[in-house]
Structures are given as C-alpha cells and as structure tokens.
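What follows is structure.pdb (PDB, C-alpha atoms, pLDDT in the B column).
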ATOM      1  CA  MET A   1       0.660  -8.379   9.150  1.00 41.00           C
ATOM      2  CA  THR A   2       2.818 -11.316   8.315  1.00 45.00           C
ATOM      3  CA  ARG A   3       5.036 -11.807   5.322  1.00 50.00           C
ATOM      4  CA  GLY A   4       2.945 -14.571   3.776  1.00 69.00           C
ATOM      5  CA  PRO A   5      -0.460 -12.965   3.187  1.00 83.00           C
ATOM      6  CA  PHE A   6       0.971  -9.639   2.012  1.00 86.00           C
ATOM      7  CA  LEU A   7       3.412 -11.144  -0.476  1.00 85.00           C
ATOM      8  CA  SER A   8       0.967 -13.750  -1.725  1.00 88.00           C
ATOM      9  CA  LYS A   9      -1.585 -11.039  -2.441  1.00 91.00           C
ATOM     10  CA  PHE A  10       0.746  -8.487  -4.070  1.00 93.00           C
ATOM     11  CA  LYS A  11       3.783 -10.457  -5.316  1.00 90.00           C
ATOM     12  CA  ASN A  12       3.060  -9.560  -8.953  1.00 94.00           C
ATOM     13  CA  HIS A  13       2.981  -5.850  -8.122  1.00 96.00           C
ATOM     14  CA  THR A  14       6.026  -5.381  -5.906  1.00 94.00           C
ATOM     15  CA  LYS A  15       7.788  -3.173  -8.471  1.00 95.00           C
ATOM     16  CA  GLN A  16       4.921  -0.661  -8.542  1.00 97.00           C
ATOM     17  CA  LEU A  17       4.587  -0.761  -4.756  1.00 97.00           C
ATOM     18  CA  VAL A  18       8.303  -0.100  -4.233  1.00 96.00           C
ATOM     19  CA  LEU A  19       8.175   2.799  -6.710  1.00 97.00           C
ATOM     20  CA  ALA A  20       5.245   4.265  -4.775  1.00 98.00           C
ATOM     21  CA  VAL A  21       7.082   3.972  -1.451  1.00 97.00           C
ATOM     22  CA  GLU A  22      10.136   5.618  -3.044  1.00 97.00           C
ATOM     23  CA  ASP A  23       7.813   8.440  -4.202  1.00 97.00           C
ATOM     24  CA  LYS A  24       8.620   7.807  -7.864  1.00 98.00           C
ATOM     25  CA  ILE A  25       4.984   7.176  -8.785  1.00 97.00           C
ATOM     26  CA  ASP A  26       1.636   8.107  -7.277  1.00 97.00           C
ATOM     27  CA  LEU A  27      -0.038   4.772  -6.700  1.00 97.00           C
ATOM     28  CA  GLU A  28      -3.525   6.249  -6.484  1.00 97.00           C
ATOM     29  CA  TYR A  29      -3.293   7.981  -9.880  1.00 97.00           C
ATOM     30  CA  ASP A  30      -0.882   5.746 -11.785  1.00 97.00           C
ATOM     31  CA  HIS A  31      -2.386   2.412 -10.660  1.00 97.00           C
ATOM     32  CA  PRO A  32      -5.858   3.142  -9.216  1.00 98.00           C
ATOM     33  CA  GLU A  33      -7.054  -0.484  -9.181  1.00 98.00           C
ATOM     34  CA  LEU A  34      -3.924  -1.626  -7.365  1.00 97.00           C
ATOM     35  CA  TYR A  35      -4.247   1.256  -4.917  1.00 98.00           C
ATOM     36  CA  LYS A  36      -7.846   0.247  -4.202  1.00 97.00           C
ATOM     37  CA  ARG A  37      -6.764  -3.357  -3.544  1.00 96.00           C
ATOM     38  CA  VAL A  38      -3.959  -2.244  -1.215  1.00 96.00           C
ATOM     39  CA  TYR A  39      -6.245   0.214   0.584  1.00 97.00           C
ATOM     40  CA  ASN A  40      -8.882  -2.481   1.129  1.00 96.00           C
ATOM     41  CA  TYR A  41      -6.213  -4.932   2.300  1.00 95.00           C
ATOM     42  CA  TYR A  42      -5.163  -2.544   5.057  1.00 95.00           C
ATOM     43  CA  LYS A  43      -8.717  -1.506   5.880  1.00 94.00           C
ATOM     44  CA  GLU A  44      -9.649  -5.169   6.380  1.00 93.00           C
ATOM     45  CA  GLY A  45      -6.533  -5.482   8.534  1.00 90.00           C
ATOM     46  CA  GLU A  46      -8.041  -2.935  10.894  1.00 85.00           C
ATOM     47  CA  ILE A  47      -5.707  -0.083  10.000  1.00 93.00           C
ATOM     48  CA  TYR A  48      -7.383   3.180  11.016  1.00 94.00           C
ATOM     49  CA  PHE A  49      -8.123   5.605   8.197  1.00 96.00           C
ATOM     50  CA  TYR A  50      -9.309   9.209   8.443  1.00 96.00           C
ATOM     51  CA  ASP A  51     -11.521   9.394   5.347  1.00 94.00           C
ATOM     52  CA  ASP A  52      -9.140  12.115   4.163  1.00 97.00           C
ATOM     53  CA  ARG A  53      -7.596  11.368   0.773  1.00 96.00           C
ATOM     54  CA  ASP A  54      -4.102  12.717   1.531  1.00 97.00           C
ATOM     55  CA  LYS A  55      -3.857  11.315   5.065  1.00 97.00           C
ATOM     56  CA  ASP A  56      -5.160   7.932   3.945  1.00 97.00           C
ATOM     57  CA  TYR A  57      -2.675   7.791   1.065  1.00 98.00           C
ATOM     58  CA  ASN A  58       0.182   8.515   3.469  1.00 97.00           C
ATOM     59  CA  ILE A  59      -1.011   5.762   5.800  1.00 97.00           C
ATOM     60  CA  VAL A  60      -1.123   3.291   2.895  1.00 97.00           C
ATOM     61  CA  ILE A  61       2.428   4.249   1.860  1.00 97.00           C
ATOM     62  CA  GLU A  62       3.722   3.896   5.441  1.00 97.00           C
ATOM     63  CA  GLU A  63       2.110   0.475   5.821  1.00 95.00           C
ATOM     64  CA  LEU A  64       3.425  -0.571   2.409  1.00 96.00           C
ATOM     65  CA  GLU A  65       6.958   0.419   3.344  1.00 95.00           C
ATOM     66  CA  TYR A  66       6.729  -1.578   6.565  1.00 94.00           C
ATOM     67  CA  ASP A  67       5.318  -4.663   4.831  1.00 93.00           C
ATOM     68  CA  LEU A  68       7.773  -4.501   1.913  1.00 93.00           C
ATOM     69  CA  MET A  69      10.691  -4.280   4.344  1.00 92.00           C
ATOM     70  CA  ASN A  70       9.346  -7.171   6.433  1.00 90.00           C
ATOM     71  CA  ALA A  71       8.878  -9.248   3.287  1.00 86.00           C
ATOM     72  CA  GLY A  72      12.487  -8.613   2.296  1.00 88.00           C
ATOM     73  CA  VAL A  73      11.501  -6.774  -0.885  1.00 88.00           C
ATOM     74  CA  MET A  74      13.060  -3.503   0.289  1.00 83.00           C
ATOM     75  CA  GLY A  75      16.217  -3.089   2.342  1.00 76.00           C
TER      76      GLY A  75
END
Hey, can you dump this file as structure tokens for me?
Amino acid sequence: MTRGPFLSKFKNHTKQLVLAVEDKIDLEYDHPELYKRVYNYYKEGEIYFYDDRDKDYNIVIEELEYDLMNAGVMG
C-alpha cells in the first residue's frame, strides 16, 4: 500500500490509529466504525484474514503500524 491512498483515507483519524497501534486503546471497541473502515480497507487490499476476531484484529494492527510508519506518522 502506498502512502497516498492510506493517508488520504484516514488522515483525520491518525491519532486514534496511533493510539491503537501503541495499545492504548482498543480500536474495535472504542471506535467500531473506524475499525470497520480500516478492516475493509485492508480486506479490499487483499490482506488475508482468518475470520477469527482476535487474529484479524492483530493483523489490522500490524498493517496499521506498517502503513503509519511508511506515511511518516509514526517513527
């Protein structure tokens, strides 16, 4: 995934996404609509999910961390 599409889609939510990656919030419970948008973004990007709530959440967080670092939002 490139920097452009990810940031353009989630630029207004980077604070919440960083907090989720830092394990300070649970994105799925604290921001369920945002989590659904992020999940669908990765699913459409052909990221493989297991249909297991915990495993899928961990995959989303790993992908988020990668994309936030690539976008220069996290160091």
Pull out every residue that the PyMOL selection byres ((chain A and resi 34-40) around 9) matches in the shown coordinates and put them as a count of residues only. 20
Determine the residue set returned by the PyMOL selection byres ((chain A and resi 65-70) around 12) for the present structure, and present it as a PyMOL selection string. chain A and resi 1-7+9-11+13-23+38+41-42+58-64+71-75
For range 58-66 of chain A, I'd like the enclosing box, axis-aligned and padded by 6 Å on every side, reported as JSON with centre and edge lengths in Å to one decimal.
{"center_x": 2.9, "center_y": 3.5, "center_z": 4.2, "size_x": 20.1, "size_y": 22.1, "size_z": 16.7}
Write only N, CA, C and O atoms for range 1-23 of chain A from the block just shown, as a JSON list (two decimals), in the first residue's frame.
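Wrote selection.json, looks like this:
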[["chain", "number", "residue", "atom", "x", "y", "z"],
["A", 1, "MET", "N", 0.84, -1.17, 0.00],
["A", 1, "MET", "CA", 0.00, 0.00, 0.00],
["A", 1, "MET", "C", 0.90, 1.24, 0.00],
["A", 1, "MET", "O", 1.89, 1.27, 0.69],
["A", 2, "THR", "N", 0.50, 2.20, -0.74],
["A", 2, "THR", "CA", 1.31, 3.41, -0.82],
["A", 2, "THR", "C", 0.84, 4.44, 0.18],
["A", 2, "THR", "O", -0.26, 4.36, 0.71],
["A", 3, "ARG", "N", 1.67, 5.42, 0.39],
["A", 3, "ARG", "CA", 1.40, 6.46, 1.37],
["A", 3, "ARG", "C", 0.13, 7.24, 1.02],
["A", 3, "ARG", "O", -0.68, 7.53, 1.89],
["A", 4, "GLY", "N", -0.07, 7.56, -0.22],
["A", 4, "GLY", "CA", -1.17, 8.41, -0.64],
["A", 4, "GLY", "C", -2.56, 7.90, -0.27],
["A", 4, "GLY", "O", -3.28, 8.57, 0.46],
["A", 5, "PRO", "N", -2.95, 6.73, -0.77],
["A", 5, "PRO", "CA", -4.31, 6.25, -0.50],
["A", 5, "PRO", "C", -4.59, 6.04, 0.99],
["A", 5, "PRO", "O", -5.68, 6.38, 1.46],
["A", 6, "PHE", "N", -3.64, 5.51, 1.72],
["A", 6, "PHE", "CA", -3.85, 5.28, 3.15],
["A", 6, "PHE", "C", -4.08, 6.59, 3.88],
["A", 6, "PHE", "O", -5.06, 6.75, 4.60],
["A", 7, "LEU", "N", -3.16, 7.53, 3.70],
["A", 7, "LEU", "CA", -3.28, 8.81, 4.41],
["A", 7, "LEU", "C", -4.51, 9.59, 3.96],
["A", 7, "LEU", "O", -5.18, 10.20, 4.79],
["A", 8, "SER", "N", -4.81, 9.57, 2.68],
["A", 8, "SER", "CA", -5.97, 10.33, 2.21],
["A", 8, "SER", "C", -7.27, 9.77, 2.79],
["A", 8, "SER", "O", -8.21, 10.51, 3.06],
["A", 9, "LYS", "N", -7.29, 8.47, 3.04],
["A", 9, "LYS", "CA", -8.50, 7.84, 3.57],
["A", 9, "LYS", "C", -8.64, 8.01, 5.08],
["A", 9, "LYS", "O", -9.75, 8.11, 5.60],
["A", 10, "PHE", "N", -7.51, 8.07, 5.80],
["A", 10, "PHE", "CA", -7.56, 8.05, 7.26],
["A", 10, "PHE", "C", -6.85, 9.23, 7.93],
["A", 10, "PHE", "O", -6.60, 9.19, 9.12],
["A", 11, "LYS", "N", -6.57, 10.30, 7.17],
["A", 11, "LYS", "CA", -5.78, 11.41, 7.73],
["A", 11, "LYS", "C", -6.46, 12.08, 8.92],
["A", 11, "LYS", "O", -5.79, 12.61, 9.79],
["A", 12, "ASN", "N", -7.77, 12.06, 8.99],
["A", 12, "ASN", "CA", -8.48, 12.68, 10.11],
["A", 12, "ASN", "C", -8.56, 11.78, 11.34],
["A", 12, "ASN", "O", -9.13, 12.18, 12.36],
["A", 13, "HIS", "N", -8.01, 10.58, 11.23],
["A", 13, "HIS", "CA", -8.11, 9.61, 12.33],
["A", 13, "HIS", "C", -6.75, 9.09, 12.76],
["A", 13, "HIS", "O", -6.69, 8.09, 13.48],
["A", 14, "THR", "N", -5.67, 9.76, 12.36],
["A", 14, "THR", "CA", -4.35, 9.23, 12.67],
["A", 14, "THR", "C", -4.10, 9.12, 14.17],
["A", 14, "THR", "O", -3.45, 8.19, 14.62],
["A", 15, "LYS", "N", -4.63, 10.05, 14.95],
["A", 15, "LYS", "CA", -4.42, 9.99, 16.40],
["A", 15, "LYS", "C", -4.97, 8.70, 16.98],
["A", 15, "LYS", "O", -4.30, 8.00, 17.75],
["A", 16, "GLN", "N", -6.21, 8.36, 16.63],
["A", 16, "GLN", "CA", -6.82, 7.13, 17.13],
["A", 16, "GLN", "C", -6.06, 5.90, 16.64],
["A", 16, "GLN", "O", -5.88, 4.93, 17.38],
["A", 17, "LEU", "N", -5.61, 5.93, 15.39],
["A", 17, "LEU", "CA", -4.91, 4.78, 14.83],
["A", 17, "LEU", "C", -3.57, 4.58, 15.52],
["A", 17, "LEU", "O", -3.18, 3.44, 15.82],
["A", 18, "VAL", "N", -2.86, 5.67, 15.80],
["A", 18, "VAL", "CA", -1.58, 5.56, 16.51],
["A", 18, "VAL", "C", -1.81, 5.03, 17.92],
["A", 18, "VAL", "O", -1.07, 4.15, 18.39],
["A", 19, "LEU", "N", -2.84, 5.52, 18.60],
["A", 19, "LEU", "CA", -3.15, 5.02, 19.95],
["A", 19, "LEU", "C", -3.46, 3.52, 19.93],
["A", 19, "LEU", "O", -3.07, 2.78, 20.84],
["A", 20, "ALA", "N", -4.12, 3.06, 18.89],
["A", 20, "ALA", "CA", -4.44, 1.64, 18.77],
["A", 20, "ALA", "C", -3.16, 0.82, 18.56],
["A", 20, "ALA", "O", -2.98, -0.23, 19.20],
["A", 21, "VAL", "N", -2.28, 1.31, 17.70],
["A", 21, "VAL", "CA", -1.01, 0.60, 17.46],
["A", 21, "VAL", "C", -0.17, 0.57, 18.73],
["A", 21, "VAL", "O", 0.48, -0.43, 19.03],
["A", 22, "GLU", "N", -0.21, 1.64, 19.50],
["A", 22, "GLU", "CA", 0.54, 1.71, 20.76],
["A", 22, "GLU", "C", -0.16, 0.97, 21.89],
["A", 22, "GLU", "O", 0.30, 0.98, 23.03],
["A", 23, "ASP", "N", -1.28, 0.31, 21.59],
["A", 23, "ASP", "CA", -2.05, -0.49, 22.54],
["A", 23, "ASP", "C", -2.60, 0.35, 23.70],
["A", 23, "ASP", "O", -2.74, -0.14, 24.81]]
